[in-house]
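Q: Shown below is the structure under consideration.
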Amino acid sequence: MVHHTDVSVVTIERFIIEQEKLHAPQATGELSGILYDLALAAKMIASKVRSAGLADVLGATSDINVHGETQQKLDVLANSIMIKALDHGGRLCAMASEEEPDIIPIPEGFRTGKYCLLFDPLDGSSNIDVNVPVGTIFSVLKKVTRGPRGELADMLQRGRRQVASGYVIYGSSTMMVYTTGQGVHGFTLDPSIGEFLLSHPNIRTPRVGRYLSVNDSYLRDWDEPLRALMRVYRGQDGDRKPLSVRYVGSLVADFHRNLLGGGLFAYPANRQNRRGKLRLLYEANPLAMIAEQAGGAAIDGVNPVLDVTPTELHQRTPLFIGSADDVELARTMLAPQLSSVGA
Ligand code: P6P
């Protein structure tokens with residue numbers, strides 16, 4: 001009997017189909033189709049991000065690159081790649097992007113579907129010039145308004161109602177990580193065959209973290225409970241093992257490292273950003289769904305991020321996200337303060 005070692009190569013397409021059969025046998029395949037299209041968009045953005053550093057070397061002028069394309073800022077380019085890859089599949093009723101002030105309708109003449117897609121096409125793009133990993137973040141909601149075309153109300157749903165979410169990290173390798181509520185799964189792009197291959201099935205984030213990701217330059221803006229919390233994370237107060245500080249200033253890169261190794265990412269409110277800097281709908285909510293599905297947590301300092309009722313498309317939120325124990329410490333040290341104020 002010849003025993004073949006298990007060389008099963010699971011592409012993201014195959015995994016999506018298997019997961020659909022396993023968890024949603026009655027599904028129409030529309031959500032799976034959105035995930036395929038997102039994987040395609042990710043490959044296209046990855047190829048642009050990878051060659052971005054060469055723009056100058058290849059002699060691109062300031063506005064026309066070597067391929068004769070108008071040189072665009074990468075985040076603008078990533079935004080149009082996302083829209084073009086997803087606007088004609090007939091699965092979406094509208095989109096929303098960090099790059100666009102209003103919701104993005106499905107063009108006339110294209111079929112519409114029952115899902116909404118929200119995304120940050122290239123978060124942290126200012127890091128491209130210094131070769132720090134950047135990412136795409138996406139969130140999928142089901143349409144709640146009547147009629148075929150999506151409306152703002154379809155986007156302003158609590159994060160708990162997401163049917164899928166995930167991100168792509170353009171780092172030392174390109175990885176796509178997503179959840180449809182059945183665990184978190186990571187796929188690594190094999191550039192030699194142009195396929196995302198299952199590399200991190202069922203990601204679980206450690207209950208207690210190893211890393212602390214926070215920008216201390218805002219320390220003077222923080223109140224005492226928050227300063228006390230940071231002292232405990234750093235082992236300066238209390239008896240917890242100190243967390244190692246790792247902060248690259250790129251949300252997806254900091255989040256991804258902490259997801260795999262365990263850790264706490266914090267972007268509290270500060271004087272410049274009274275409601276925090278990160279966006280609720282297409283940054284905090286999708287990552288919060290990933291964190292919770294991987295056994296972690298995400299709060300705005302008081303409540304789970306996923307329970308916040310949105311009022312504006314681009315509203316911001318403070319964010320404490322990552323290992324469950326580390327987030328719980330933040331909640332216990334910050335919430336009483338706020339609840340006493342509220343009492
Ligand atoms: P700061 C990048 O601009 C970004 O939106 C996130 O990717 C990142 O986590 C954060 O801002 C960094 O902000 O204020 O520390 O530079």
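We label chains A, B, ... in the order they appear in the structure tokens, count residues from 1 in each chain, and number ligands from 1 in the order shown.
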Would you name the residues within 9 Å of ligand 1, counting only C-alpha atoms and all ligand atoms, and put them as a PyMOL selection string?
A: chain A and resi 122-127+134-135+213-218+247-255+265-267+277-279+283
Q: Excluding Asp326 in chain A and its own-chain neighbours fewer than 3 positions away, which residues fall within 7 Å of it when counting only C-alpha atoms? Please give them as an mmCIF file with N, CA, C and O atoms, in the first residue's frame.
A:
data_model
loop_
_atom_site.group_PDB
_atom_site.id
_atom_site.type_symbol
_atom_site.label_atom_id
_atom_site.label_comp_id
_atom_site.auth_asym_id
_atom_site.auth_seq_id
_atom_site.Cartn_x
_atom_site.Cartn_y
_atom_site.Cartn_z
ATOM 1 N N VAL A 208 -3.389 35.388 27.125
ATOM 2 C CA VAL A 208 -2.529 36.432 27.688
ATOM 3 C C VAL A 208 -1.487 36.796 26.639
ATOM 4 O O VAL A 208 -0.883 35.926 26.026
ATOM 5 N N GLY A 209 -1.324 38.106 26.437
ATOM 6 C CA GLY A 209 -0.478 38.558 25.331
ATOM 7 C C GLY A 209 1.004 38.561 25.649
ATOM 8 O O GLY A 209 1.415 38.419 26.796
ATOM 9 N N LEU A 264 -1.886 43.120 22.967
ATOM 10 C CA LEU A 264 -2.922 44.137 23.124
ATOM 11 C C LEU A 264 -2.533 45.332 22.270
ATOM 12 O O LEU A 264 -1.450 45.894 22.444
ATOM 13 N N SER A 323 -5.648 39.965 23.007
ATOM 14 C CA SER A 323 -5.799 38.831 23.933
ATOM 15 C C SER A 323 -6.861 39.113 24.993
ATOM 16 O O SER A 323 -6.890 40.215 25.576
ATOM 17 N N LEU A 329 -8.472 43.373 31.335
ATOM 18 C CA LEU A 329 -7.778 44.272 32.280
ATOM 19 C C LEU A 329 -8.089 45.726 31.928
ATOM 20 O O LEU A 329 -8.399 46.549 32.803
ATOM 21 N N ALA A 330 -8.065 46.031 30.623
ATOM 22 C CA ALA A 330 -8.385 47.400 30.198
ATOM 23 C C ALA A 330 -9.809 47.760 30.621
ATOM 24 O O ALA A 330 -10.064 48.831 31.179
#
Q: What separation in Å, quoted to one decimal, exists between CA of Asp37 in chain A and CA of Thr179 in chain A?
A: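 According to the coordinates, CA of Asp37 in chain A and CA of Thr179 in chain A are separated by 15.2 Å.
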Q: Can you pull out every residue from range 229-340 of chain A that DSSP, working from the backbone, puts in helix (DSSP H, G or I), and format the result as number ranges by chain?
A: A: 229-233, 251-261, 280-293, 305-307, 324-340
Q: With distances taken over only C-alpha atoms, which of A:Cys116, A:Val140, A:Ile128, A:Ala78 is nearest to Pro286 in chain A?
A: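 Closest candidate: A:Val140.
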